[in-house]
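Listing of run-v5.txt; format and content: compact mmCIF, C-alpha atoms and all ligand atoms.
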# COMPACT_ATOMS: atom_id res chain seq x y z
CA MET A 1 -11.88 32.40 -13.01
CA PHE A 2 -13.21 33.51 -9.62
CA THR A 3 -16.31 35.60 -10.37
CA ALA A 4 -19.00 37.31 -8.35
CA PHE A 5 -21.09 34.23 -9.09
CA SER A 6 -18.44 31.91 -7.60
CA ALA A 7 -18.26 34.19 -4.56
CA LEU A 8 -22.00 33.86 -4.19
CA ARG A 9 -21.77 30.04 -4.53
CA LEU A 10 -18.95 29.95 -2.00
CA GLY A 11 -20.95 32.12 0.39
CA PHE A 12 -23.92 29.83 -0.10
CA TRP A 13 -21.74 26.76 0.50
CA GLN A 14 -20.21 28.17 3.65
CA LYS A 15 -23.51 29.28 5.12
CA GLU A 16 -25.74 26.43 4.11
CA GLN A 17 -23.67 23.36 3.42
CA ARG A 18 -21.18 22.93 6.23
CA MET A 19 -21.11 19.21 6.78
CA ASN A 20 -20.36 17.00 9.72
CA PHE A 21 -17.20 14.95 9.15
CA LEU A 22 -16.00 11.99 11.21
CA ILE A 23 -12.38 11.22 10.33
CA ASP A 24 -9.73 8.72 11.43
CA LYS A 25 -6.99 10.66 13.29
CA ASN A 26 -4.44 9.00 11.05
CA LEU A 27 -5.43 10.78 7.82
CA PRO A 28 -2.68 13.35 7.31
CA ALA A 29 -3.63 16.67 5.65
CA ALA A 30 -7.34 16.16 6.45
CA GLN A 31 -7.43 19.42 8.40
CA GLU A 32 -5.79 21.46 5.61
CA LEU A 33 -7.96 19.98 2.88
CA LEU A 34 -11.35 19.68 4.54
CA SER A 35 -11.80 22.12 7.41
CA GLU A 36 -13.43 24.78 5.25
CA TYR A 37 -16.25 22.39 4.33
CA GLY A 38 -17.56 21.65 7.78
CA GLU A 39 -17.00 20.51 11.33
CA LEU A 40 -14.24 17.91 11.57
CA HIS A 41 -14.44 15.32 14.35
CA PHE A 42 -11.70 12.72 14.78
CA PHE A 43 -11.67 9.15 16.11
CA GLU A 44 -9.15 6.38 16.83
CA GLY A 45 -9.10 3.70 14.08
CA ARG A 46 -10.92 0.77 15.63
CA GLU A 47 -13.29 2.79 17.86
CA LEU A 48 -16.14 4.63 16.18
CA PRO A 49 -17.86 6.65 18.96
CA SER A 50 -21.64 6.22 18.66
CA GLU A 51 -22.41 9.84 19.66
CA LEU A 52 -20.26 11.11 16.76
CA LEU A 53 -21.60 8.48 14.37
CA ALA A 54 -25.15 9.62 15.09
CA GLU A 55 -24.37 13.07 13.62
CA ALA A 56 -21.82 12.14 10.94
CA GLU A 57 -22.63 12.94 7.30
CA ILE A 58 -19.19 12.07 5.94
CA LEU A 59 -17.09 9.25 7.40
CA LEU A 60 -13.43 8.90 6.39
CA ILE A 61 -11.61 5.78 7.56
CA ARG A 62 -8.54 3.57 7.16
CA SER A 63 -8.43 -0.22 6.80
CA VAL A 64 -8.74 -0.92 10.54
CA THR A 65 -12.32 0.39 10.72
CA GLN A 66 -14.88 -2.25 9.81
CA ILE A 67 -18.00 -0.85 8.19
CA SER A 68 -20.98 -3.15 8.67
CA GLU A 69 -24.76 -2.80 8.68
CA ALA A 70 -24.57 -2.63 12.52
CA ILE A 71 -22.33 0.47 12.25
CA LEU A 72 -24.45 2.08 9.54
CA SER A 73 -27.60 1.64 11.60
CA GLN A 74 -26.03 4.02 14.15
CA ALA A 75 -25.36 6.66 11.49
CA PRO A 76 -28.72 7.81 10.07
CA LYS A 77 -27.32 11.01 8.52
CA LEU A 78 -24.43 9.36 6.67
CA LYS A 79 -24.15 10.33 2.96
CA PHE A 80 -20.55 9.39 2.10
CA VAL A 81 -18.01 6.85 3.32
CA GLY A 82 -14.43 7.09 2.09
CA THR A 83 -11.46 4.87 2.91
CA ALA A 84 -8.00 6.41 2.46
CA THR A 85 -6.73 2.98 1.40
CA ILE A 86 -6.55 0.84 -1.71
CA GLY A 87 -8.13 -2.24 -0.14
CA THR A 88 -11.89 -2.23 0.52
CA ASP A 89 -12.38 -5.61 2.20
CA HIS A 90 -13.15 -3.91 5.56
CA VAL A 91 -16.29 -2.30 4.10
CA ASP A 92 -19.65 -3.96 3.48
CA LEU A 93 -20.30 -2.36 0.10
CA SER A 94 -23.77 -3.87 -0.31
CA ALA A 95 -24.86 -2.48 3.08
CA LEU A 96 -23.75 0.98 1.90
CA ALA A 97 -25.53 0.59 -1.44
CA ALA A 98 -28.73 -0.55 0.29
CA ARG A 99 -28.71 2.70 2.27
CA ASN A 100 -27.81 4.77 -0.78
CA ILE A 101 -24.55 5.93 0.81
CA THR A 102 -21.81 6.88 -1.64
CA PHE A 103 -18.51 5.05 -1.26
CA ALA A 104 -14.99 5.98 -2.36
CA ASN A 105 -11.57 4.41 -1.90
CA ALA A 106 -8.15 5.78 -2.75
CA ALA A 107 -7.10 3.46 -5.59
CA GLY A 108 -3.36 3.45 -6.15
CA CYS A 109 -2.61 5.96 -3.37
CA ASN A 110 0.20 3.98 -1.76
CA ALA A 111 1.25 1.79 -4.71
CA VAL A 112 4.68 3.47 -4.92
CA ALA A 113 5.25 2.81 -1.21
CA VAL A 114 4.40 -0.88 -1.71
CA GLY A 115 6.80 -1.03 -4.68
CA GLU A 116 9.53 0.46 -2.51
CA TYR A 117 8.74 -1.86 0.41
CA VAL A 118 9.29 -4.91 -1.81
CA LEU A 119 12.45 -3.38 -3.28
CA SER A 120 13.89 -2.58 0.15
CA ALA A 121 12.96 -6.03 1.48
CA ALA A 122 14.47 -7.82 -1.54
CA PHE A 123 17.71 -5.87 -1.06
CA ALA A 124 17.75 -6.59 2.68
CA VAL A 125 17.36 -10.35 2.12
CA ALA A 126 19.90 -10.31 -0.72
CA HIS A 127 22.40 -8.48 1.48
CA GLU A 128 21.89 -10.84 4.43
CA HIS A 129 22.38 -13.97 2.30
CA GLN A 130 24.83 -12.63 -0.34
CA LEU A 131 22.36 -13.06 -3.19
CA THR A 132 22.20 -11.15 -6.47
CA LEU A 133 18.88 -9.99 -7.85
CA GLN A 134 19.92 -9.10 -11.41
CA GLY A 135 19.14 -11.89 -13.87
CA LYS A 136 16.77 -13.70 -11.48
CA ARG A 137 13.12 -14.41 -12.26
CA ALA A 138 10.27 -12.64 -10.43
CA LEU A 139 6.60 -13.61 -10.43
CA ILE A 140 4.11 -10.91 -9.44
CA VAL A 141 0.63 -12.16 -8.58
CA GLY A 142 -1.79 -9.32 -9.36
CA ALA A 143 -0.83 -6.92 -12.14
CA GLY A 144 -2.70 -3.89 -10.77
CA ASN A 145 -1.39 -0.70 -9.22
CA THR A 146 0.87 -2.17 -6.52
CA GLY A 147 1.98 -5.21 -8.54
CA SER A 148 2.96 -3.01 -11.50
CA GLU A 149 5.00 -0.69 -9.26
CA VAL A 150 6.83 -3.72 -7.87
CA GLY A 151 7.34 -5.18 -11.36
CA ALA A 152 8.72 -1.90 -12.74
CA ARG A 153 11.33 -1.70 -9.98
CA LEU A 154 12.41 -5.34 -10.24
CA SER A 155 12.70 -5.03 -14.05
CA ALA A 156 14.83 -1.90 -13.60
CA LEU A 157 17.15 -4.01 -11.45
CA GLY A 158 17.54 -6.45 -14.34
CA MET A 159 15.17 -9.15 -13.09
CA GLU A 160 12.98 -11.02 -15.56
CA VAL A 161 9.41 -10.25 -14.50
CA ALA A 162 6.18 -12.15 -15.24
CA TYR A 163 2.67 -11.80 -13.80
CA ILE A 164 -0.24 -14.02 -12.86
CA ASP A 165 -3.48 -12.07 -13.28
CA PRO A 166 -6.24 -13.91 -15.16
CA ILE A 167 -8.45 -10.81 -15.25
CA LYS A 168 -5.77 -8.60 -16.82
CA GLN A 169 -4.71 -11.46 -19.10
CA GLU A 170 -8.26 -11.92 -20.43
CA ALA A 171 -8.47 -8.16 -20.97
CA GLY A 172 -5.33 -8.39 -23.16
CA ALA A 173 -2.91 -6.44 -20.93
CA ASP A 174 0.49 -5.98 -22.53
CA VAL A 175 2.77 -7.68 -19.97
CA GLU A 176 4.43 -11.10 -19.73
CA PHE A 177 2.04 -13.60 -18.12
CA SER A 178 2.77 -16.90 -16.43
CA ASP A 179 0.64 -19.41 -14.51
CA TRP A 180 0.69 -21.41 -11.29
CA GLN A 181 2.14 -24.48 -13.05
CA GLN A 182 5.39 -22.51 -13.51
CA LEU A 183 5.67 -21.56 -9.82
CA HIS A 184 8.82 -23.57 -9.21
CA GLN A 185 10.69 -21.62 -11.90
CA PHE A 186 10.71 -18.29 -10.05
CA ASP A 187 13.24 -16.90 -7.58
CA LEU A 188 11.02 -14.17 -6.14
CA ILE A 189 7.23 -14.30 -5.77
CA SER A 190 5.34 -11.21 -4.64
CA LEU A 191 1.58 -11.16 -3.97
CA HIS A 192 -0.53 -8.10 -4.88
CA VAL A 193 -4.17 -9.16 -5.08
CA PRO A 194 -7.25 -7.85 -3.24
CA MET A 195 -8.91 -10.05 -0.61
CA GLN A 196 -11.84 -11.74 -2.38
CA LYS A 197 -13.65 -14.52 -0.57
CA HIS A 198 -16.26 -15.16 -3.25
CA GLY A 199 -16.57 -15.29 -7.01
CA GLU A 200 -14.50 -16.68 -9.84
CA TYR A 201 -11.19 -15.19 -8.72
CA THR A 202 -11.10 -15.83 -5.00
CA THR A 203 -7.84 -14.93 -3.32
CA TRP A 204 -8.38 -16.41 0.16
CA HIS A 205 -5.48 -18.85 0.63
CA LEU A 206 -4.45 -18.28 -2.99
CA LEU A 207 -1.08 -19.50 -1.80
CA ASP A 208 -2.29 -22.71 -0.14
CA ALA A 209 -0.30 -25.65 1.25
CA GLU A 210 0.07 -27.27 -2.17
CA ARG A 211 1.51 -24.11 -3.77
CA ILE A 212 3.66 -23.29 -0.74
CA ASN A 213 5.20 -26.75 -0.91
CA ARG A 214 5.99 -26.28 -4.61
CA LEU A 215 8.20 -23.21 -4.00
CA LYS A 216 11.72 -24.19 -4.93
CA PRO A 217 14.47 -23.91 -2.31
CA GLY A 218 15.93 -20.41 -2.27
CA THR A 219 12.71 -18.69 -3.40
CA LEU A 220 11.96 -15.31 -1.82
CA LEU A 221 8.23 -15.07 -1.03
CA VAL A 222 6.73 -11.63 -0.26
CA ASN A 223 3.19 -10.90 0.89
CA ALA A 224 2.22 -7.22 1.11
CA SER A 225 -1.41 -7.64 0.05
CA ARG A 226 -3.73 -9.16 2.67
CA GLY A 227 -2.74 -11.72 5.30
CA ALA A 228 -5.15 -14.47 4.34
CA VAL A 229 -3.93 -14.54 0.72
CA VAL A 230 -1.33 -16.91 2.17
CA ASP A 231 -2.34 -19.88 4.34
CA ASN A 232 -0.28 -18.84 7.38
CA GLN A 233 -0.48 -22.25 9.07
CA ALA A 234 0.70 -24.01 5.91
CA LEU A 235 3.57 -21.56 5.51
CA TYR A 236 4.50 -22.14 9.14
CA GLN A 237 4.49 -25.90 8.55
CA ARG A 238 6.76 -25.57 5.51
CA LEU A 239 9.23 -23.32 7.35
CA GLN A 240 9.24 -25.61 10.36
CA THR A 241 9.87 -28.77 8.40
CA GLN A 242 11.88 -27.40 5.48
CA ASP A 243 13.38 -23.99 6.22
CA ASP A 244 14.78 -23.47 2.73
CA ILE A 245 12.93 -20.40 1.42
CA TYR A 246 13.16 -16.71 2.34
CA VAL A 247 9.95 -15.03 3.50
CA VAL A 248 8.90 -11.39 3.87
CA LEU A 249 5.47 -10.80 5.43
CA ASP A 250 3.87 -7.40 5.91
CA VAL A 251 0.34 -8.75 6.35
CA TRP A 252 -0.98 -11.54 8.57
CA GLU A 253 -4.03 -13.74 8.89
CA GLY A 254 -6.13 -12.45 11.78
CA GLU A 255 -4.44 -9.03 12.20
CA PRO A 256 -3.87 -7.40 14.63
CA ASP A 257 -3.27 -10.85 16.16
CA VAL A 258 -0.43 -12.67 14.46
CA LEU A 259 0.93 -16.21 14.56
CA THR A 260 4.04 -15.39 16.61
CA GLU A 261 5.66 -18.75 15.80
CA LEU A 262 5.52 -17.77 12.12
CA VAL A 263 7.06 -14.34 12.83
CA ALA A 264 10.02 -16.10 14.39
CA LEU A 265 10.66 -18.09 11.20
CA VAL A 266 10.36 -15.38 8.55
CA ASP A 267 13.22 -13.18 7.34
CA ILE A 268 11.39 -9.85 7.45
CA ALA A 269 8.21 -9.27 9.44
CA THR A 270 6.36 -5.94 9.54
CA PRO A 271 2.97 -4.77 10.89
CA HIS A 272 1.05 -3.97 7.67
CA ILE A 273 3.02 -0.84 6.86
CA ALA A 274 4.12 -1.56 3.27
CA GLY A 275 1.98 1.33 2.03
CA HIS A 276 2.78 3.72 4.86
CA SER A 277 5.05 6.28 3.23
CA ILE A 278 3.93 9.77 4.24
CA GLU A 279 3.27 10.50 0.56
CA GLY A 280 1.10 7.37 0.28
CA LYS A 281 -0.97 8.42 3.28
CA ILE A 282 -1.34 12.01 2.11
CA ARG A 283 -2.34 10.82 -1.37
CA GLY A 284 -4.99 8.64 0.32
CA THR A 285 -6.54 11.68 2.00
CA TYR A 286 -6.12 13.76 -1.16
CA ARG A 287 -7.93 11.21 -3.32
CA LEU A 288 -10.88 11.24 -0.94
CA TYR A 289 -10.81 15.06 -0.97
CA THR A 290 -11.09 15.19 -4.78
CA GLN A 291 -13.92 12.65 -4.79
CA LEU A 292 -15.78 14.54 -2.07
CA HIS A 293 -15.25 17.72 -4.05
CA ALA A 294 -16.77 16.18 -7.18
CA HIS A 295 -19.61 14.46 -5.34
CA PHE A 296 -20.80 17.43 -3.30
CA GLY A 297 -19.84 20.10 -5.86
CA PHE A 298 -17.74 22.13 -3.43
CA ALA A 299 -17.48 25.64 -4.82
CA THR A 300 -13.87 26.44 -3.93
CA PRO A 301 -11.20 25.33 -6.43
CA ILE A 302 -9.40 22.02 -5.86
CA LEU A 303 -6.01 22.53 -4.19
CA PRO A 304 -3.12 20.97 -6.11
CA GLU A 305 -1.70 17.79 -4.54
CA ARG A 306 1.79 19.34 -4.32
CA ASN A 307 0.43 21.84 -1.74
CA VAL A 308 0.11 19.04 0.79
CA LEU A 309 3.08 16.82 -0.18
CA PRO A 310 6.55 17.29 1.37
CA GLY A 311 9.54 18.28 -0.80
CA PHE A 312 12.96 16.74 -1.52
CA CYS A 313 15.39 15.65 1.21
CA ASP A 314 18.25 18.10 1.75
CA GLU A 315 21.09 15.62 1.42
CA GLU A 316 22.03 14.54 -2.12
CA ILE A 317 24.01 11.41 -3.07
CA TYR A 318 26.78 11.48 -5.68
CA VAL A 319 26.63 8.56 -8.13
CA ALA A 320 29.71 7.34 -10.01
CA SER A 321 29.21 5.46 -13.28
CA ASP A 322 30.66 2.21 -11.89
CA TYR A 323 27.93 1.80 -9.26
CA THR A 324 26.86 -1.75 -8.41
CA GLU A 325 23.65 -3.49 -7.38
CA ALA A 326 24.88 -3.35 -3.77
CA ASP A 327 25.26 0.46 -4.07
CA ILE A 328 21.66 0.76 -5.24
CA GLY A 329 20.67 -1.38 -2.27
CA GLN A 330 22.41 1.04 0.08
CA TRP A 331 20.72 4.10 -1.46
CA VAL A 332 17.35 2.38 -1.12
CA GLN A 333 18.07 1.46 2.53
CA LYS A 334 19.12 5.04 3.25
CA VAL A 335 15.66 6.31 2.32
CA TYR A 336 13.68 3.31 3.57
CA PRO A 337 15.47 0.78 5.81
CA VAL A 338 12.75 -1.89 6.08
CA VAL A 339 14.87 -3.80 8.63
CA GLN A 340 14.10 -1.09 11.19
CA ASP A 341 10.38 -1.83 10.81
CA ASP A 342 11.18 -5.53 11.18
CA SER A 343 13.08 -5.00 14.41
CA SER A 344 10.44 -2.72 16.01
CA PHE A 345 7.78 -5.26 15.08
CA ARG A 346 9.67 -8.13 16.74
CA GLN A 347 10.27 -6.00 19.84
CA ASN A 348 6.91 -4.26 20.23
CA GLY A 349 4.36 -5.50 17.71
CA LEU A 350 3.55 -9.08 18.61
CA THR A 351 0.43 -8.29 20.62
CA ALA A 352 -2.72 -6.84 19.07
CA LEU A 353 -2.19 -3.60 21.00
CA GLY A 354 1.46 -3.42 20.02
CA PHE A 355 0.62 -4.11 16.36
CA ASP A 356 -1.91 -1.27 16.24
CA LYS A 357 0.34 1.10 18.19
CA LEU A 358 3.25 0.65 15.79
CA ARG A 359 0.98 1.45 12.86
CA LYS A 360 -0.61 4.50 14.51
CA GLU A 361 2.74 5.90 15.61
CA TYR A 362 4.61 4.95 12.45
CA ALA A 363 7.73 7.07 11.90
CA LEU A 364 7.86 9.48 9.01
CA ARG A 365 8.87 7.46 5.95
CA ARG A 366 9.67 9.14 2.64
CA GLU A 367 9.50 7.72 -0.88
CA LEU A 368 12.60 7.35 -3.08
CA TRP A 369 11.69 10.34 -5.26
CA SER A 370 12.57 12.55 -2.28
CA GLN A 371 16.21 11.45 -2.67
CA ILE A 372 18.16 13.26 -5.38
CA LEU A 373 20.99 11.24 -6.95
CA VAL A 374 23.59 13.45 -8.61
CA CYS A 375 24.91 11.48 -11.59
CA SER A 376 28.53 11.81 -12.66
CA PRO A 377 29.01 13.04 -16.26
CA ASN A 378 30.20 9.49 -17.05
CA CYS A 379 26.85 7.92 -16.16
CA SER A 380 25.15 6.64 -19.31
CA GLY A 381 21.60 7.48 -20.35
CA LYS A 382 20.72 3.85 -19.59
CA GLN A 383 22.00 4.18 -16.03
CA GLN A 384 20.06 7.40 -15.49
CA LYS A 385 16.90 5.71 -16.78
CA GLN A 386 17.51 2.77 -14.44
CA LEU A 387 17.79 5.02 -11.39
CA GLU A 388 14.65 6.91 -12.39
CA ALA A 389 12.75 3.67 -12.97
CA LEU A 390 13.73 2.58 -9.46
CA GLY A 391 12.01 5.73 -8.20
CA PHE A 392 14.88 8.14 -7.39
CA SER A 393 15.05 11.73 -8.57
CA ILE A 394 18.20 12.37 -10.53
CA ARG A 395 20.17 15.35 -11.71
CA ALA A 396 23.42 15.73 -13.63
CA ALA A 397 26.54 16.76 -11.69
N1 LIG A 401 0.30 -3.97 2.78
C1 LIG A 401 -0.12 -2.80 2.43
O1 LIG A 401 0.20 -1.80 3.06
C2 LIG A 401 -1.00 -2.63 1.22
C3 LIG A 401 -0.97 -1.41 0.53
C4 LIG A 401 -1.79 -1.28 -0.60
C5 LIG A 401 -2.60 -2.32 -1.02
N2 LIG A 401 -2.61 -3.48 -0.30
C6 LIG A 401 -3.46 -4.60 -0.73
O2 LIG A 401 -3.05 -4.98 -2.04
C7 LIG A 401 -4.19 -5.20 -2.84
C8 LIG A 401 -3.85 -4.91 -4.29
O3 LIG A 401 -3.65 -3.52 -4.47
P1 LIG A 401 -3.58 -2.89 -5.94
O4 LIG A 401 -3.48 -1.42 -5.77
O5 LIG A 401 -2.53 -3.53 -6.73
O6 LIG A 401 -5.01 -3.28 -6.47
P2 LIG A 401 -5.49 -3.30 -7.98
O7 LIG A 401 -6.95 -3.42 -7.93
O8 LIG A 401 -4.89 -2.15 -8.72
O9 LIG A 401 -4.85 -4.64 -8.56
C9 LIG A 401 -5.21 -5.92 -8.11
C10 LIG A 401 -4.97 -6.87 -9.26
O10 LIG A 401 -5.20 -8.20 -8.78
C11 LIG A 401 -5.81 -8.92 -9.85
N3 LIG A 401 -6.46 -10.10 -9.33
C12 LIG A 401 -7.67 -10.20 -8.74
N4 LIG A 401 -7.91 -11.48 -8.39
C13 LIG A 401 -6.83 -12.19 -8.78
C14 LIG A 401 -6.50 -13.55 -8.70
N5 LIG A 401 -7.32 -14.46 -8.13
N6 LIG A 401 -5.29 -13.95 -9.18
C15 LIG A 401 -4.44 -13.06 -9.74
N7 LIG A 401 -4.74 -11.75 -9.87
C16 LIG A 401 -5.92 -11.33 -9.39
C17 LIG A 401 -6.75 -7.93 -10.50
O11 LIG A 401 -7.09 -8.29 -11.81
C18 LIG A 401 -5.93 -6.65 -10.43
O12 LIG A 401 -5.20 -6.44 -11.62
C19 LIG A 401 -5.25 -4.24 -2.25
O13 LIG A 401 -6.54 -4.69 -2.52
C20 LIG A 401 -4.93 -4.27 -0.78
O14 LIG A 401 -5.68 -5.28 -0.16
C21 LIG A 401 -1.82 -3.66 0.80
O1 LIG A 402 -5.21 -1.19 1.34
C1 LIG A 402 -4.33 -0.36 1.62
O2 LIG A 402 -4.26 0.74 1.03
C2 LIG A 402 -3.29 -0.65 2.65
O3 LIG A 402 -3.42 -1.93 3.13
C3 LIG A 402 -3.25 0.39 3.71
O4 LIG A 402 -1.94 0.88 3.78
C4 LIG A 402 -3.68 -0.13 5.01
O5 LIG A 402 -3.22 0.67 6.01
P1 LIG A 402 -4.18 1.42 7.03
O6 LIG A 402 -5.20 2.12 6.27
O7 LIG A 402 -4.80 0.42 7.93
O8 LIG A 402 -3.30 2.36 7.76

Take the structure I supplied and represent it as structure tokens, if you would.
Ligand SMILES: NC(=O)c1ccc[n+]([C@@H]2O[C@H](COP(=O)([O-])OP(=O)(O)OC[C@H]3O[C@@H](n4cnc5c(N)ncnc54)[C@H](O)[C@@H]3O)[C@@H](O)[C@H]2O)c1
Ligand SMILES: O=C(O)[C@H](O)[C@H](O)COP(=O)(O)O
Amino acid sequence: MFTAFSALRLGFWQKEQRMNFLIDKNLPAAQELLSEYGELHFFEGRELPSELLAEAEILLIRSVTQISEAILSQAPKLKFVGTATIGTDHVDLSALAARNITFANAAGCNAVAVGEYVLSAAFAVAHEHQLTLQGKRALIVGAGNTGSEVGARLSALGMEVAYIDPIKQEAGADVEFSDWQQLHQFDLISLHVPMQKHGEYTTWHLLDAERINRLKPGTLLVNASRGAVVDNQALYQRLQTQDDIYVVLDVWEGEPDVLTELVALVDIATPHIAGHSIEGKIRGTYRLYTQLHAHFGFATPILPERNVLPGFCDEEIYVASDYTEADIGQWVQKVYPVVQDDSSFRQNGLTALGFDKLRKEYALRRELWSQILVCSPNCSGKQQKQLEALGFSIRAA
């Protein structure tokens, strides 16, 4: 309830607490969500202007901004750093802790987008090479937010899904687990681990030359996690000497520089945009907004997420009960045709500047929920559940 007391608190907040924000230009909805709490200044991803850093109290970034002690030493007033991404490997967390600066990321914000990227890419490869996905075996490495979204979609397609995730396995997670010894038994392998260079569960070159060479002919390998999870040189060597697997790469060792010879050999190549649905990006900003709200005790009520998310697409698709896997593939491609990202990357993204530009100017991409499928009265409950599990919105005809 908004009381005289809340009005007083709000007045106090507005007069006394307006903060100085420094925000990556590519955080949609930042203006709508944050402008009432202070002065918003914007910067271009890789370039943090020192004059703005010197005044910044809250810094909101994406994965292209490296946060190091050298950067923090230029920001004496900084109280809070937030990244509108899932990954945190671009941030020196101990340097932040040493300066008592609060840190937040946006866990899970673009997991649906990553799930849909893998789905769209699997359909694109299957279409190109006349493959069927149903009944095949998928191995997901990393059973967290993105890996689970991928697994749910592939299971809905009728694939048999297993995971490698020693941390989740030890914790007793209720999913089917496998291990690296079984690698050669899978038809699709999708990587969804964080970049960890140290510790018990390092992921740097998790897919090394030995594992790459054990992939059976016809395997579809997808990496939409971090580039260096796969040894890019070793993958290049395998494709050059034995071009018998399908490869989809969204992330690259050494981004924004990429091994162009490797791009030429893979089936789908994109510039680190797997998570870039507009909903995923808005959720990233929104998750930072809620954490800022809690941390600083903003007095105004939290806006609901739906206020900043777009609605359904206008055009609906009619679904007959005899739809096939290929039909599903076409509905997925209608909402998110990953091959368009592949072709713009090959044309314009092979330099560091081109790579960054494609990401900054990324076209509006919607998630599958924005597409309503109108199911014929003959569609079974099982079919409706399948379409929902793939991510579509459905309604009865
Ligand atoms: N390409 C993109 O656009 C994009 C988008 C989102 C996330 N990502 C990347 O994907 C990573 C995973 O995202 P998430 O949301 O699933 O994270 P998450 O933290 O929810 O899940 C990661 C999972 O990996 C597991 N894991 C850690 N080390 C492992 C190892 N050595 N072997 C097997 N499993 C291991 C963890 O136990 C955890 O369950 C992020 O850290 C980020 O780097 C990329
Ligand atoms: O970690 C993540 O969330 C993703 O990799 C994210 O999509 C990276 O994209 P960026 O923030 O650089 O736009």

Find the residues near ligand LIG 402 (chain A). Use a cut-off of 10 Å, count all atoms listed in the file, and write them as an mmCIF file with C-alpha atoms, keeping the file's coordinate frame.
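result39.cif was written with the following content:
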data_model
loop_
_atom_site.group_PDB
_atom_site.id
_atom_site.type_symbol
_atom_site.label_atom_id
_atom_site.label_comp_id
_atom_site.auth_asym_id
_atom_site.auth_seq_id
_atom_site.Cartn_x
_atom_site.Cartn_y
_atom_site.Cartn_z
ATOM 1 C CA ASP A 24 -9.730 8.720 11.430
ATOM 2 C CA ASN A 26 -4.440 9.000 11.050
ATOM 3 C CA LEU A 27 -5.430 10.780 7.820
ATOM 4 C CA GLY A 45 -9.100 3.700 14.080
ATOM 5 C CA ARG A 46 -10.920 0.770 15.630
ATOM 6 C CA ILE A 61 -11.610 5.780 7.560
ATOM 7 C CA ARG A 62 -8.540 3.570 7.160
ATOM 8 C CA SER A 63 -8.430 -0.220 6.800
ATOM 9 C CA VAL A 64 -8.740 -0.920 10.540
ATOM 10 C CA THR A 65 -12.320 0.390 10.720
ATOM 11 C CA THR A 83 -11.460 4.870 2.910
ATOM 12 C CA ALA A 84 -8.000 6.410 2.460
ATOM 13 C CA THR A 85 -6.730 2.980 1.400
ATOM 14 C CA ILE A 86 -6.550 0.840 -1.710
ATOM 15 C CA GLY A 87 -8.130 -2.240 -0.140
ATOM 16 C CA THR A 88 -11.890 -2.230 0.520
ATOM 17 C CA ASP A 89 -12.380 -5.610 2.200
ATOM 18 C CA HIS A 90 -13.150 -3.910 5.560
ATOM 19 C CA ASN A 105 -11.570 4.410 -1.900
ATOM 20 C CA ALA A 106 -8.150 5.780 -2.750
ATOM 21 C CA ALA A 107 -7.100 3.460 -5.590
ATOM 22 C CA GLY A 108 -3.360 3.450 -6.150
ATOM 23 C CA CYS A 109 -2.610 5.960 -3.370
ATOM 24 C CA ASN A 110 0.200 3.980 -1.760
ATOM 25 C CA ALA A 111 1.250 1.790 -4.710
ATOM 26 C CA ALA A 113 5.250 2.810 -1.210
ATOM 27 C CA VAL A 114 4.400 -0.880 -1.710
ATOM 28 C CA THR A 146 0.870 -2.170 -6.520
ATOM 29 C CA PRO A 194 -7.250 -7.850 -3.240
ATOM 30 C CA MET A 195 -8.910 -10.050 -0.610
ATOM 31 C CA ALA A 224 2.220 -7.220 1.110
ATOM 32 C CA SER A 225 -1.410 -7.640 0.050
ATOM 33 C CA ARG A 226 -3.730 -9.160 2.670
ATOM 34 C CA ASP A 250 3.870 -7.400 5.910
ATOM 35 C CA VAL A 251 0.340 -8.750 6.350
ATOM 36 C CA PRO A 271 2.970 -4.770 10.890
ATOM 37 C CA HIS A 272 1.050 -3.970 7.670
ATOM 38 C CA ILE A 273 3.020 -0.840 6.860
ATOM 39 C CA ALA A 274 4.120 -1.560 3.270
ATOM 40 C CA GLY A 275 1.980 1.330 2.030
ATOM 41 C CA HIS A 276 2.780 3.720 4.860
ATOM 42 C CA SER A 277 5.050 6.280 3.230
ATOM 43 C CA GLY A 280 1.100 7.370 0.280
ATOM 44 C CA LYS A 281 -0.970 8.420 3.280
ATOM 45 C CA GLY A 284 -4.990 8.640 0.320
ATOM 46 C CA ASP A 356 -1.910 -1.270 16.240
ATOM 47 C CA ARG A 359 0.980 1.450 12.860
ATOM 48 C CA LYS A 360 -0.610 4.500 14.510
ATOM 49 C CA TYR A 362 4.610 4.950 12.450
#

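The two atoms in question, atom CA of A:Glu176 and atom CA of A:Ala162, are spaced 4.9 Å apart.
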
Selection near A:Ala70, 12 Å with only C-alpha atoms, sequence-local residues under 5 positions removed, as an MDAnalysis selection string: chainID A and resid 48 50 53 75:76 91:92 95:96

When distances are computed from all atoms listed in the file, which of A:Gly381, A:Pro166, A:Pro217, A:Pro301 shows the smallest separation from ligand LIG 401 (chain A)?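 For ligand LIG 401 (chain A), the nearest of the given residues is A:Pro166.
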
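Each of A:Tyr289, A:Phe123, A:Phe43, A:Phe345 was checked against A:Ala29 using only C-alpha atoms; the smallest atom-to-atom distance is that of A:Tyr289.
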
Shortest interatomic distance to ligand LIG 401 (chain A) - which of A:Leu33, A:Leu265, A:Val150, A:Leu157, counting only C-alpha atoms and all ligand atoms: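 Of A:Leu33, A:Leu265, A:Val150, A:Leu157, the one nearest ligand LIG 401 (chain A) is A:Val150, counting only C-alpha atoms and all ligand atoms.
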
Would you kindly identify which residues have an atom no farther than 12 Å from (-2.6, 18.4, -5.5), using all atoms listed in the file and the file's own coordinates, and write them out as a VMD selection string? chain A and resid 29 32 to 33 279 282 to 290 301 to 310
